[in-house]
Every structure is written in structure tokens, then in C-alpha cells.
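Visitor: This is run.pdb, which holds PDB, C-alpha atoms:
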```
MODEL        1
ATOM      1  CA  MET A  23      37.070  -5.553  24.411
ATOM      2  CA  LEU A  24      37.274  -6.841  20.855
ATOM      3  CA  THR A  25      39.469  -9.934  20.898
ATOM      4  CA  SER A  26      41.355  -9.624  17.626
ATOM      5  CA  ARG A  27      42.847  -7.227  15.118
ATOM      6  CA  ASP A  28      41.293  -9.410  12.391
ATOM      7  CA  GLN A  29      37.884  -7.738  12.209
ATOM      8  CA  ALA A  30      36.298  -7.257   8.813
ATOM      9  CA  GLU A  31      36.710  -3.509   9.224
ATOM     10  CA  PHE A  32      37.429  -0.957  11.919
ATOM     11  CA  ASP A  33      36.110   2.551  11.991
ATOM     12  CA  VAL A  34      39.508   3.856  13.063
ATOM     13  CA  ILE A  35      42.950   2.303  13.429
ATOM     14  CA  VAL A  36      45.222   4.122  15.872
ATOM     15  CA  ILE A  37      48.900   3.385  15.292
ATOM     16  CA  GLY A  38      50.743   4.050  18.545
ATOM     17  CA  GLY A  39      49.470   3.297  22.034
ATOM     18  CA  SER A  40      51.252   5.867  24.162
ATOM     19  CA  TYR A  41      49.676   9.006  25.628
ATOM     20  CA  ALA A  42      48.512  10.600  22.364
ATOM     21  CA  GLY A  43      47.235   7.370  20.835
ATOM     22  CA  LEU A  44      45.446   6.366  24.029
ATOM     23  CA  SER A  45      43.765   9.753  24.241
ATOM     24  CA  ALA A  46      42.611   9.602  20.616
ATOM     25  CA  ALA A  47      41.313   6.062  21.017
ATOM     26  CA  MET A  48      39.424   6.983  24.199
ATOM     27  CA  GLN A  49      37.360   9.633  22.398
ATOM     28  CA  LEU A  50      36.538   7.170  19.627
ATOM     29  CA  ALA A  51      35.718   4.354  22.043
ATOM     30  CA  ARG A  52      33.291   6.591  23.892
ATOM     31  CA  ALA A  53      31.699   7.474  20.555
ATOM     32  CA  ARG A  54      30.996   3.721  20.253
ATOM     33  CA  ARG A  55      33.221   3.296  17.228
ATOM     34  CA  ARG A  56      35.148   0.109  16.507
ATOM     35  CA  VAL A  57      38.754   0.964  17.241
ATOM     36  CA  LEU A  58      42.000  -0.940  16.802
ATOM     37  CA  VAL A  59      45.085   0.314  18.653
ATOM     38  CA  VAL A  60      48.409  -1.054  17.425
ATOM     39  CA  ASP A  61      51.341  -0.488  19.751
ATOM     40  CA  ALA A  62      54.971  -1.593  19.511
ATOM     41  CA  GLY A  63      55.606  -0.822  23.206
ATOM     42  CA  ARG A  64      58.279   1.862  22.704
ATOM     43  CA  ARG A  65      57.049   4.989  24.478
ATOM     44  CA  ARG A  66      59.362   7.929  23.852
ATOM     45  CA  ASN A  67      59.658   8.623  27.599
ATOM     46  CA  ARG A  68      60.235   4.975  28.567
ATOM     47  CA  TYR A  69      63.650   5.971  29.938
ATOM     48  CA  ALA A  70      62.150   8.433  32.422
ATOM     49  CA  HIS A  71      61.003   7.062  35.786
ATOM     50  CA  HIS A  72      58.542   9.835  36.551
ATOM     51  CA  SER A  73      56.353  12.308  34.704
ATOM     52  CA  HIS A  74      55.938  15.892  35.868
ATOM     53  CA  GLY A  75      53.695  18.797  34.989
ATOM     54  CA  PHE A  76      50.692  16.698  33.920
ATOM     55  CA  LEU A  77      47.681  17.779  35.953
ATOM     56  CA  THR A  78      46.622  15.211  38.627
ATOM     57  CA  GLN A  79      49.598  12.989  37.718
ATOM     58  CA  ASP A  80      52.546  15.186  38.737
ATOM     59  CA  GLY A  81      55.317  12.890  39.975
ATOM     60  CA  SER A  82      53.589   9.680  38.914
ATOM     61  CA  GLU A  83      55.569   6.937  37.230
ATOM     62  CA  ALA A  84      55.492   7.504  33.486
ATOM     63  CA  ALA A  85      54.870   3.820  32.807
ATOM     64  CA  ALA A  86      52.025   3.728  35.338
ATOM     65  CA  ILE A  87      50.193   6.586  33.614
ATOM     66  CA  ALA A  88      50.382   4.736  30.294
ATOM     67  CA  ALA A  89      49.363   1.431  31.890
ATOM     68  CA  GLN A  90      46.354   2.984  33.613
ATOM     69  CA  GLY A  91      45.270   4.643  30.386
ATOM     70  CA  ARG A  92      45.537   1.368  28.509
ATOM     71  CA  ALA A  93      43.549  -0.514  31.159
ATOM     72  CA  GLN A  94      40.778   2.076  31.094
ATOM     73  CA  LEU A  95      40.658   2.013  27.291
ATOM     74  CA  GLN A  96      40.586  -1.780  27.076
ATOM     75  CA  ALA A  97      37.513  -1.852  29.310
ATOM     76  CA  TYR A  98      35.487  -0.689  26.299
ATOM     77  CA  ALA A  99      33.952  -3.586  24.399
ATOM     78  CA  ASN A 100      34.462  -1.905  21.027
ATOM     79  CA  VAL A 101      38.261  -1.595  21.329
ATOM     80  CA  ALA A 102      40.838  -4.086  20.056
ATOM     81  CA  TRP A 103      44.526  -3.951  20.974
ATOM     82  CA  ALA A 104      47.484  -5.420  19.071
ATOM     83  CA  ASN A 105      50.978  -5.536  20.574
ATOM     84  CA  GLU A 106      52.629  -5.346  17.182
ATOM     85  CA  THR A 107      54.610  -3.213  14.790
ATOM     86  CA  VAL A 108      52.988  -1.793  11.684
ATOM     87  CA  VAL A 109      55.173  -2.267   8.622
ATOM     88  CA  SER A 110      52.955  -0.696   5.970
ATOM     89  CA  ALA A 111      50.016   1.643   5.588
ATOM     90  CA  ALA A 112      48.247   2.601   2.386
ATOM     91  CA  ALA A 113      44.974   3.999   1.143
ATOM     92  CA  ASP A 114      42.698   1.523  -0.631
ATOM     93  CA  GLY A 115      39.776   3.422  -2.081
ATOM     94  CA  ASP A 116      37.953   5.018   0.834
ATOM     95  CA  HIS A 117      39.647   2.694   3.347
ATOM     96  CA  PHE A 118      43.161   2.129   4.667
ATOM     97  CA  ARG A 119      45.084  -1.126   4.836
ATOM     98  CA  VAL A 120      47.604  -1.564   7.646
ATOM     99  CA  GLY A 121      50.147  -4.379   7.323
ATOM    100  CA  PHE A 122      51.878  -6.411  10.039
ATOM    101  CA  PRO A 123      55.180  -8.350  10.042
ATOM    102  CA  ASP A 124      53.378 -11.711   9.772
ATOM    103  CA  GLY A 125      51.650 -10.643   6.563
ATOM    104  CA  GLY A 126      48.330  -9.920   8.248
ATOM    105  CA  VAL A 127      46.319  -6.850   7.343
ATOM    106  CA  ALA A 128      43.821  -4.690   9.224
ATOM    107  CA  VAL A 129      41.372  -2.425   7.417
ATOM    108  CA  GLY A 130      40.024   0.854   8.739
ATOM    109  CA  ARG A 131      38.040   3.814   7.468
ATOM    110  CA  ARG A 132      40.305   6.309   9.236
ATOM    111  CA  LEU A 133      43.872   6.302  10.528
ATOM    112  CA  VAL A 134      45.351   8.121  13.509
ATOM    113  CA  LEU A 135      49.146   8.182  13.529
ATOM    114  CA  ALA A 136      50.656   8.506  17.009
ATOM    115  CA  THR A 137      53.992   6.691  16.752
ATOM    116  CA  GLY A 138      56.065   9.403  18.391
ATOM    117  CA  VAL A 139      59.639  10.154  17.382
ATOM    118  CA  THR A 140      63.080   8.660  17.929
ATOM    119  CA  ASP A 141      65.738  10.697  19.742
ATOM    120  CA  ALA A 142      69.378  10.726  18.594
ATOM    121  CA  LEU A 143      71.820  11.998  21.210
ATOM    122  CA  PRO A 144      75.307  13.381  20.545
ATOM    123  CA  PRO A 145      77.996  10.664  20.738
ATOM    124  CA  ILE A 146      79.384  11.570  24.154
ATOM    125  CA  GLU A 147      80.495   8.655  26.326
ATOM    126  CA  GLY A 148      78.126   8.067  29.227
ATOM    127  CA  LEU A 149      75.339  10.274  27.872
ATOM    128  CA  ALA A 150      72.864   7.752  26.457
ATOM    129  CA  GLU A 151      72.699   5.558  29.554
ATOM    130  CA  ARG A 152      71.725   8.590  31.651
ATOM    131  CA  TRP A 153      68.972   9.745  29.256
ATOM    132  CA  GLY A 154      65.761  10.266  31.207
ATOM    133  CA  LYS A 155      67.545   9.799  34.542
ATOM    134  CA  SER A 156      69.967  12.714  34.860
ATOM    135  CA  VAL A 157      70.104  13.855  31.223
ATOM    136  CA  PHE A 158      66.941  15.541  29.948
ATOM    137  CA  HIS A 159      65.423  17.641  27.218
ATOM    138  CA  CYS A 160      62.396  19.378  28.783
ATOM    139  CA  PRO A 161      63.015  21.868  31.635
ATOM    140  CA  TYR A 162      59.310  21.977  32.475
ATOM    141  CA  CYS A 163      59.310  18.201  32.950
ATOM    142  CA  HIS A 164      62.494  17.830  34.978
ATOM    143  CA  GLY A 165      63.956  21.219  35.929
ATOM    144  CA  TYR A 166      62.195  21.655  39.271
ATOM    145  CA  GLU A 167      63.549  18.393  40.697
ATOM    146  CA  LEU A 168      67.145  19.635  40.274
ATOM    147  CA  ASP A 169      66.504  21.811  43.334
ATOM    148  CA  GLU A 170      68.211  24.965  42.018
ATOM    149  CA  GLY A 171      71.528  23.141  41.757
ATOM    150  CA  GLU A 172      74.229  23.141  39.090
ATOM    151  CA  ILE A 173      72.729  22.515  35.654
ATOM    152  CA  GLY A 174      74.710  21.772  32.527
ATOM    153  CA  VAL A 175      73.618  22.358  28.943
ATOM    154  CA  LEU A 176      75.465  20.229  26.402
ATOM    155  CA  ALA A 177      75.443  22.230  23.191
ATOM    156  CA  THR A 178      74.485  20.488  19.968
ATOM    157  CA  GLY A 179      74.126  23.691  17.933
ATOM    158  CA  GLU A 180      72.714  27.179  18.118
ATOM    159  CA  LEU A 181      69.369  25.801  19.324
ATOM    160  CA  SER A 182      71.049  25.048  22.654
ATOM    161  CA  MET A 183      70.923  28.794  23.301
ATOM    162  CA  HIS A 184      67.219  28.288  24.003
ATOM    163  CA  HIS A 185      67.988  25.827  26.784
ATOM    164  CA  ALA A 186      70.765  27.965  28.223
ATOM    165  CA  LEU A 187      68.570  31.061  28.404
ATOM    166  CA  MET A 188      65.609  29.211  29.952
ATOM    167  CA  LEU A 189      67.307  27.085  32.561
ATOM    168  CA  PRO A 190      68.606  29.796  34.945
ATOM    169  CA  ASP A 191      65.047  29.815  36.337
ATOM    170  CA  TRP A 192      65.800  26.298  37.642
ATOM    171  CA  GLY A 193      69.425  26.583  38.790
ATOM    172  CA  ARG A 194      72.966  27.787  38.061
ATOM    173  CA  VAL A 195      73.723  27.054  34.416
ATOM    174  CA  THR A 196      76.913  26.159  32.597
ATOM    175  CA  LEU A 197      76.781  25.947  28.799
ATOM    176  CA  PHE A 198      79.274  23.408  27.493
ATOM    177  CA  LEU A 199      79.942  24.567  23.923
ATOM    178  CA  ASN A 200      81.878  21.381  23.034
ATOM    179  CA  GLY A 201      82.757  22.769  19.608
ATOM    180  CA  ALA A 202      79.081  22.704  18.545
ATOM    181  CA  PHE A 203      78.808  26.457  18.023
ATOM    182  CA  VAL A 204      80.335  29.786  19.092
ATOM    183  CA  PRO A 205      77.974  32.455  20.466
ATOM    184  CA  ASP A 206      78.182  35.795  18.710
ATOM    185  CA  ALA A 207      78.502  39.032  20.648
ATOM    186  CA  ASN A 208      74.758  39.487  21.111
ATOM    187  CA  GLN A 209      74.270  35.870  22.177
ATOM    188  CA  ALA A 210      77.182  36.084  24.609
ATOM    189  CA  ALA A 211      75.683  39.233  26.123
ATOM    190  CA  ALA A 212      72.292  37.560  26.518
ATOM    191  CA  LEU A 213      73.882  34.563  28.229
ATOM    192  CA  ALA A 214      75.867  36.795  30.552
ATOM    193  CA  ALA A 215      72.720  38.726  31.472
ATOM    194  CA  ARG A 216      71.138  35.435  32.547
ATOM    195  CA  GLY A 217      74.213  34.463  34.571
ATOM    196  CA  VAL A 218      75.174  31.550  32.315
ATOM    197  CA  THR A 219      78.778  30.350  32.524
ATOM    198  CA  LEU A 220      80.431  29.384  29.226
ATOM    199  CA  GLU A 221      82.779  26.395  29.079
ATOM    200  CA  THR A 222      84.816  26.035  25.887
ATOM    201  CA  ALA A 223      86.864  22.921  26.721
ATOM    202  CA  PRO A 224      85.711  19.776  24.887
ATOM    203  CA  VAL A 225      83.609  17.273  26.813
ATOM    204  CA  ALA A 226      85.333  13.912  27.172
ATOM    205  CA  ARG A 227      82.578  11.944  28.907
ATOM    206  CA  ILE A 228      79.757  11.990  31.444
ATOM    207  CA  ASP A 229      80.474  10.200  34.710
ATOM    208  CA  GLY A 230      78.838   9.646  38.091
ATOM    209  CA  ALA A 231      75.305  10.961  38.351
ATOM    210  CA  ALA A 232      75.800  13.843  35.925
ATOM    211  CA  ASP A 233      79.457  14.855  36.195
ATOM    212  CA  VAL A 234      80.940  16.451  33.092
ATOM    213  CA  VAL A 235      84.535  15.325  32.582
ATOM    214  CA  LEU A 236      86.395  17.680  30.255
ATOM    215  CA  ALA A 237      89.234  16.823  27.887
ATOM    216  CA  ASP A 238      91.654  18.795  30.080
ATOM    217  CA  GLY A 239      90.846  16.500  33.023
ATOM    218  CA  ARG A 240      88.561  18.790  34.988
ATOM    219  CA  ARG A 241      85.409  17.269  36.474
ATOM    220  CA  LEU A 242      82.392  19.544  36.931
ATOM    221  CA  PRO A 243      79.618  17.937  39.028
ATOM    222  CA  MET A 244      76.111  18.755  37.825
ATOM    223  CA  ALA A 245      72.714  18.060  39.346
ATOM    224  CA  GLY A 246      71.463  17.352  35.835
ATOM    225  CA  LEU A 247      72.203  17.915  32.185
ATOM    226  CA  PHE A 248      70.063  19.123  29.300
ATOM    227  CA  VAL A 249      70.628  18.416  25.641
ATOM    228  CA  VAL A 250      68.702  19.052  22.420
ATOM    229  CA  PRO A 251      68.472  15.710  20.574
ATOM    230  CA  ARG A 252      67.863  15.231  16.878
ATOM    231  CA  THR A 253      64.515  13.582  16.277
ATOM    232  CA  SER A 254      63.250  11.402  13.460
ATOM    233  CA  LEU A 255      59.977   9.721  12.624
ATOM    234  CA  PRO A 256      60.122   5.942  13.207
ATOM    235  CA  SER A 257      60.711   4.158   9.918
ATOM    236  CA  SER A 258      59.493   0.872   8.547
ATOM    237  CA  GLY A 259      62.061  -0.311   6.048
ATOM    238  CA  ALA A 260      63.035   2.561   3.772
ATOM    239  CA  ALA A 261      60.122   4.852   4.609
ATOM    240  CA  THR A 262      58.109   6.151   7.524
ATOM    241  CA  LEU A 263      54.423   5.315   7.713
ATOM    242  CA  ALA A 264      53.677   8.994   7.181
ATOM    243  CA  GLY A 265      55.818   8.896   4.048
ATOM    244  CA  GLN A 266      54.092   5.784   2.737
ATOM    245  CA  LEU A 267      50.752   7.527   3.094
ATOM    246  CA  GLY A 268      51.965  10.746   1.491
ATOM    247  CA  CYS A 269      51.656  12.947   4.570
ATOM    248  CA  ALA A 270      53.364  16.320   4.224
ATOM    249  CA  LEU A 271      56.194  17.012   6.630
ATOM    250  CA  GLU A 272      57.445  20.208   8.175
ATOM    251  CA  ALA A 273      61.010  20.966   9.235
ATOM    252  CA  GLY A 274      61.293  21.567  12.957
ATOM    253  CA  PRO A 275      64.263  22.751  15.015
ATOM    254  CA  MET A 276      65.082  19.175  16.072
ATOM    255  CA  GLY A 277      63.841  17.269  13.033
ATOM    256  CA  ASP A 278      60.914  16.776  10.672
ATOM    257  CA  PHE A 279      57.387  16.330  11.984
ATOM    258  CA  VAL A 280      54.042  15.693  10.288
ATOM    259  CA  ARG A 281      52.142  18.804   9.243
ATOM    260  CA  THR A 282      48.585  18.970  10.611
ATOM    261  CA  ASP A 283      45.848  21.555  10.873
ATOM    262  CA  ALA A 284      44.082  22.683  14.045
ATOM    263  CA  GLN A 285      42.003  19.483  13.977
ATOM    264  CA  GLN A 286      45.132  17.268  13.780
ATOM    265  CA  ALA A 287      44.228  16.362  10.178
ATOM    266  CA  THR A 288      47.055  15.747   7.725
ATOM    267  CA  ASN A 289      46.977  16.650   4.037
ATOM    268  CA  VAL A 290      45.843  13.065   3.324
ATOM    269  CA  PRO A 291      42.044  12.776   3.673
ATOM    270  CA  GLY A 292      41.149  10.380   6.470
ATOM    271  CA  VAL A 293      44.575  10.453   8.137
ATOM    272  CA  PHE A 294      45.063  12.282  11.429
ATOM    273  CA  CYS A 295      48.262  12.654  13.409
ATOM    274  CA  CYS A 296      48.982  13.601  17.017
ATOM    275  CA  GLY A 297      51.602  13.590  19.734
ATOM    276  CA  ASP A 298      55.314  14.272  19.346
ATOM    277  CA  MET A 299      55.308  13.257  15.680
ATOM    278  CA  ALA A 300      52.918  16.130  14.914
ATOM    279  CA  ARG A 301      54.535  19.044  16.741
ATOM    280  CA  ALA A 302      58.010  20.534  16.982
ATOM    281  CA  ALA A 303      58.151  19.835  20.715
ATOM    282  CA  GLY A 304      55.896  18.213  23.245
ATOM    283  CA  ASN A 305      55.232  16.576  26.575
ATOM    284  CA  VAL A 306      52.594  14.291  28.064
ATOM    285  CA  ALA A 307      50.018  17.064  28.541
ATOM    286  CA  PHE A 308      50.382  18.245  24.938
ATOM    287  CA  ALA A 309      50.210  14.666  23.664
ATOM    288  CA  VAL A 310      46.985  13.925  25.544
ATOM    289  CA  ALA A 311      45.387  17.168  24.340
ATOM    290  CA  ASP A 312      46.408  16.623  20.714
ATOM    291  CA  GLY A 313      45.256  13.008  20.879
ATOM    292  CA  ALA A 314      41.832  14.027  22.139
ATOM    293  CA  MET A 315      41.510  16.473  19.264
ATOM    294  CA  ALA A 316      42.581  13.848  16.715
ATOM    295  CA  GLY A 317      40.073  11.345  18.053
ATOM    296  CA  VAL A 318      37.210  13.828  18.024
ATOM    297  CA  ALA A 319      38.115  15.050  14.535
ATOM    298  CA  ALA A 320      38.320  11.498  13.176
ATOM    299  CA  HIS A 321      34.880  10.766  14.605
ATOM    300  CA  ARG A 322      33.417  13.934  13.141
ATOM    301  CA  SER A 323      34.835  13.053   9.738
ATOM    302  CA  LEU A 324      33.004   9.732   9.857
ATOM    303  CA  ILE A 325      29.737  11.523  10.621
ATOM    304  CA  ALA A 326      30.341  13.970   7.780
ATOM    305  CA  GLU A 327      30.927  11.082   5.401
ATOM    306  CA  LEU A 328      27.537   9.595   6.292
ATOM    307  CA  GLN A 329      25.809  12.933   5.803
ATOM    308  CA  GLN A 330      27.375  13.343   2.386
ATOM    309  CA  ALA A 331      26.251   9.852   1.367
ATOM    310  CA  ALA A 332      22.659  10.472   2.454
TER     311      ALA A 332
ENDMDL
END
```
Take the structure in this file and express it as C-alpha cells.
Guide:
Amino acid sequence: MLTSRDQAEFDVIVIGGSYAGLSAAMQLARARRRVLVVDAGRRRNRYAHHSHGFLTQDGSEAAAIAAQGRAQLQAYANVAWANETVVSAAADGDHFRVGFPDGGVAVGRRLVLATGVTDALPPIEGLAERWGKSVFHCPYCHGYELDEGEIGVLATGELSMHHALMLPDWGRVTLFLNGAFVPDANQAAALAARGVTLETAPVARIDGAADVVLADGRRLPMAGLFVVPRTSLPSSGAATLAGQLGCALEAGPMGDFVRTDAQQATNVPGVFCCGDMARAAGNVAFAVADGAMAGVAAHRSLIAELQQAA
């Protein structure tokens, strides 16, 4: 493994060392390219104990999957790792300069952005501390473990209809409207057809494992709760790294994400993006697949550059 971020130049700098970034870096490492991975240690699913639905790793600890991936990647002699935060990123001719809090700079010919997103939950007492434990977003990741029990959906807007219509395949569903929206006649009929119970009383707090305590004093025990969070790209100062670089964004149902093509390339030549920051929704399997594509595409772009120069 390369011992420092302070090489004269890297072929590719991967910003973000979670599942997508690790997958991208692995393809590049195996292509014998000099790779720097910069990771701030804030995986999006760090609150979840286990990961589900990822082939060969179903039920494994989420942190263990990431740790194993990092250990395997760091076994490559052409990979450097920096446990740091990137505060700036900018094109400099046909290279990119990545800045660190201590004023240091790393230079690379390509960038792969894989910083993930930040989740913002509704301000309901007791909700945030249960995030990833008994409060979830992805039914495919956590629905099966609720064992067909009582499942609550905490509405944050009309998008919560999607959750409420999906989740009856995993249990008996109650949609807590909580003043977030009112289903129209067609929506109400669709919910009724799926056996979803509507609860109009405001939610006061979440208690116990996943009990919903209503403003009128009723307590409705749930096996688990689902909520649609608002997401945002991690920022450095006043701007995101994608914004500093000029990457185009696209509005998603939960928040903006970076627009990419089928090769995970952004509109900025030499910048690729993968993982949750490059799709409207995701999970570990999607992140690993998108990361692999970004790594391969970044490598191919380096080859194409050499061919053009010849």
C-alpha cells in the first residue's frame, strides 16, 4: 500500500471510502493504477447494525462489510488511504486538485465522487435515536426482519404513499398522516385496497422499541417504522464538492443528486460519481455495482486519453 496521500500525482482520487468508493477503487487498483481513497468515516448506514439483501453478505454487520472491503483494498501496493475530509476540489488544467483541512493538496488525473448523502428526519421526539435500529427507509433492507408484524409509516409528504403501498407485503401497515398530507379519493382507495389503516391524530413522540405515541394519548406498538427522509449532498463550507466542480444536479423525490450517464460520468470531463449521491435511491448492492462501473469507466478514460495523445 502507498504510505501517503502526498504523492506527486495519482491516476485517480476517490473521495468517499464506503461501499461505492471501495468498489470503484478496487477496479482501479486491479488495473494497477495509483489510487488515493479519502474517507471521512461517515458511512450513511453507520446507524444500522446489519445489512440485508446483498448477495453473500445477507445479515452481516454493515460495518464489517465495509471493514473487510477496506482491508482487501489496502492490500494492493498501489493504493493510498487518507482518513480525512476533503474541503475543496477543482480542475487544474487536465488534472484535479483536492484540498484538505491542514492545507495539504493531492493531485489526480481523475476524480470519483462517492461521498454519499446526509439524511434529515422529521423533528419527532425519539425518532432520530432509533434511526437504523427500529426506524428505517428501505423495505427491501429491513422489512423481512419485522416478521409480518405491525409496521408504521410516518408520513413526510405524498411520497410516503409509496412506502404505505409497498409495505403490506411485509406486515400490517398503519399510515400516520401527522398533518403531512391528506390522501385524495383515489389514493385513499388504493390504500384501502392494500389493507392500510389511516391514522389522522398527530404523532407526539416515538417511545419503547417503536411505539407511536399520539397527541391524544394513545400508544400504538409497532414492530418497526418507515419514514422518507430528506437527503442532501455533504457540503464543505458553502458548497458541495460536486458544486465546486460544476457537476450538474438532478432533483430527486428526496433531494438533489448528481446527474451521471450510464458510465457514472458527470457532465464535468474526468469526474465520475457513484453511490447514493448519484441516484435517487439506493442500497449496498446498488452502491457496489455503481462503484464498479465508475472505476472501470475512469480507467477506460485514462486509456482513451493516452490513445488520443499518441
Visitor: With all atoms listed in the file as the basis for distance, which of A:Thr107, A:Thr137, A:Asn67, A:Asn100 is at the shortest distance from Gly39 of chain A?
Guide: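 Of A:Thr107, A:Thr137, A:Asn67, A:Asn100, the one nearest Gly39 of chain A is A:Thr137, counting all atoms listed in the file.
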Visitor: Env of His164 of chain A: 10 Å cut, atoms = only C-alpha atoms, seq-sep filter 2 positions within chain, self excluded. Answer as a list in words.
Guide: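 Listing them by chain and then by number gives Ala70, His72, Ser73, His74, Gly75, Gly154, Lys155, Ser156, Val157, Phe158, His159, Cys160, Pro161, Tyr162, Tyr166, Glu167, Leu168, Trp192, Gly246 and Phe248 of chain A.
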Visitor: Do you know which residues lie at most 12 Å from (65.5, 32.7, 41.2), with coordinates as in the file and all atoms listed in the file counted, and could you write them as a PyMOL selection string?
Guide: chain A and resi 166+169-171+188-194+216-217
Visitor: For the provided coordinates, the residues matched by the PyMOL selection byres ((chain A and resi 290) around 8) should be stated as JSON, numbers by chain.
Guide: {"A": [267, 268, 269, 287, 288, 289, 291, 292, 293]}
Visitor: Using the chain letters and numbers from the file, which residues does the PyMOL selection byres ((chain A and resi 50) around 12) grab, as a ChimeraX atom specification?
Guide: /A:32-36,43-49,51-59,95,98,100-101,132-134,313-324
Visitor: With C-alpha atoms retained, could you export that selection as a CSV table (one decimal), in the frame of the given file?
Guide:
```
chain,number,residue,atom,x,y,z
A,32,PHE,CA,37.4,-1.0,11.9
A,33,ASP,CA,36.1,2.6,12.0
A,34,VAL,CA,39.5,3.9,13.1
A,35,ILE,CA,43.0,2.3,13.4
A,36,VAL,CA,45.2,4.1,15.9
A,43,GLY,CA,47.2,7.4,20.8
A,44,LEU,CA,45.4,6.4,24.0
A,45,SER,CA,43.8,9.8,24.2
A,46,ALA,CA,42.6,9.6,20.6
A,47,ALA,CA,41.3,6.1,21.0
A,48,MET,CA,39.4,7.0,24.2
A,49,GLN,CA,37.4,9.6,22.4
A,51,ALA,CA,35.7,4.4,22.0
A,52,ARG,CA,33.3,6.6,23.9
A,53,ALA,CA,31.7,7.5,20.6
A,54,ARG,CA,31.0,3.7,20.3
A,55,ARG,CA,33.2,3.3,17.2
A,56,ARG,CA,35.1,0.1,16.5
A,57,VAL,CA,38.8,1.0,17.2
A,58,LEU,CA,42.0,-0.9,16.8
A,59,VAL,CA,45.1,0.3,18.7
A,95,LEU,CA,40.7,2.0,27.3
A,98,TYR,CA,35.5,-0.7,26.3
A,100,ASN,CA,34.5,-1.9,21.0
A,101,VAL,CA,38.3,-1.6,21.3
A,132,ARG,CA,40.3,6.3,9.2
A,133,LEU,CA,43.9,6.3,10.5
A,134,VAL,CA,45.4,8.1,13.5
A,313,GLY,CA,45.3,13.0,20.9
A,314,ALA,CA,41.8,14.0,22.1
A,315,MET,CA,41.5,16.5,19.3
A,316,ALA,CA,42.6,13.8,16.7
A,317,GLY,CA,40.1,11.3,18.1
A,318,VAL,CA,37.2,13.8,18.0
A,319,ALA,CA,38.1,15.0,14.5
A,320,ALA,CA,38.3,11.5,13.2
A,321,HIS,CA,34.9,10.8,14.6
A,322,ARG,CA,33.4,13.9,13.1
A,323,SER,CA,34.8,13.1,9.7
A,324,LEU,CA,33.0,9.7,9.9
```
Visitor: I need the residue nearest Asp298 of chain A from this list: A:Arg281, A:Arg131, A:Arg240, A:Arg92. Use all atoms listed in the file for the distance.
Guide: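 For Asp298 of chain A, the nearest of the given residues is A:Arg281.
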Visitor: What gap, in Å, lies between atom CA of Val280 of chain A and atom CA of Gly130 of chain A?
Guide: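 Atom CA of Val280 of chain A sits 20.5 Å away from atom CA of Gly130 of chain A.
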Visitor: Expressed in Å to a single decimal, how great is the separation between atom CA of Leu187 of chain A and atom CA of Gly239 of chain A?
Guide: 27.0 Å
Visitor: Quick one, how far is atom CA of Ala150 of chain A from atom CA of Ser182 of chain A?
Guide: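 Atom CA of Ala150 of chain A sits 17.8 Å away from atom CA of Ser182 of chain A.
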Visitor: Give me the result of the PyMOL selection byres ((chain A and resi 279) around 12) on this file, residue by residue, as a PDB file with C-alpha atoms, keeping the file's coordinate frame.
Guide:
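The result, stored in out_32.pdb:
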```
ATOM      1  CA  LEU A 135      49.146   8.182  13.529  1.00  0.00           C
ATOM      2  CA  ALA A 136      50.656   8.506  17.009  1.00  0.00           C
ATOM      3  CA  THR A 137      53.992   6.691  16.752  1.00  0.00           C
ATOM      4  CA  GLY A 138      56.065   9.403  18.391  1.00  0.00           C
ATOM      5  CA  VAL A 139      59.639  10.154  17.382  1.00  0.00           C
ATOM      6  CA  THR A 140      63.080   8.660  17.929  1.00  0.00           C
ATOM      7  CA  ARG A 252      67.863  15.231  16.878  1.00  0.00           C
ATOM      8  CA  THR A 253      64.515  13.582  16.277  1.00  0.00           C
ATOM      9  CA  SER A 254      63.250  11.402  13.460  1.00  0.00           C
ATOM     10  CA  LEU A 255      59.977   9.721  12.624  1.00  0.00           C
ATOM     11  CA  PRO A 256      60.122   5.942  13.207  1.00  0.00           C
ATOM     12  CA  THR A 262      58.109   6.151   7.524  1.00  0.00           C
ATOM     13  CA  ALA A 264      53.677   8.994   7.181  1.00  0.00           C
ATOM     14  CA  GLY A 265      55.818   8.896   4.048  1.00  0.00           C
ATOM     15  CA  CYS A 269      51.656  12.947   4.570  1.00  0.00           C
ATOM     16  CA  ALA A 270      53.364  16.320   4.224  1.00  0.00           C
ATOM     17  CA  LEU A 271      56.194  17.012   6.630  1.00  0.00           C
ATOM     18  CA  GLU A 272      57.445  20.208   8.175  1.00  0.00           C
ATOM     19  CA  ALA A 273      61.010  20.966   9.235  1.00  0.00           C
ATOM     20  CA  GLY A 274      61.293  21.567  12.957  1.00  0.00           C
ATOM     21  CA  PRO A 275      64.263  22.751  15.015  1.00  0.00           C
ATOM     22  CA  MET A 276      65.082  19.175  16.072  1.00  0.00           C
ATOM     23  CA  GLY A 277      63.841  17.269  13.033  1.00  0.00           C
ATOM     24  CA  ASP A 278      60.914  16.776  10.672  1.00  0.00           C
ATOM     25  CA  VAL A 280      54.042  15.693  10.288  1.00  0.00           C
ATOM     26  CA  ARG A 281      52.142  18.804   9.243  1.00  0.00           C
ATOM     27  CA  THR A 282      48.585  18.970  10.611  1.00  0.00           C
ATOM     28  CA  THR A 288      47.055  15.747   7.725  1.00  0.00           C
ATOM     29  CA  CYS A 295      48.262  12.654  13.409  1.00  0.00           C
ATOM     30  CA  CYS A 296      48.982  13.601  17.017  1.00  0.00           C
ATOM     31  CA  GLY A 297      51.602  13.590  19.734  1.00  0.00           C
ATOM     32  CA  ASP A 298      55.314  14.272  19.346  1.00  0.00           C
ATOM     33  CA  MET A 299      55.308  13.257  15.680  1.00  0.00           C
ATOM     34  CA  ALA A 300      52.918  16.130  14.914  1.00  0.00           C
ATOM     35  CA  ARG A 301      54.535  19.044  16.741  1.00  0.00           C
ATOM     36  CA  ALA A 302      58.010  20.534  16.982  1.00  0.00           C
ATOM     37  CA  ALA A 303      58.151  19.835  20.715  1.00  0.00           C
ATOM     38  CA  GLY A 304      55.896  18.213  23.245  1.00  0.00           C
TER      39      GLY A 304
END
```
Visitor: Using all atoms listed in the file, which of the listed residues (A:Met183, A:Ala88, A:Ala97, A:Ala42) sits closest to Asp312 of chain A?
Guide: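 Closest candidate: A:Ala42.
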Visitor: Which one of A:Gly174, A:Pro224, A:Pro205, A:Pro144 sits closest to Pro251 of chain A if you count only C-alpha atoms?
Guide: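 Result for the nearest residue to Pro251 of chain A: A:Pro144.
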Visitor: Between A:Arg64, A:Arg227, A:His71, A:Arg119, which has the minimum distance to Asn105 of chain A (counting all atoms listed in the file)?
Guide: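 Ranked by minimum distance to Asn105 of chain A, first place goes to A:Arg64.
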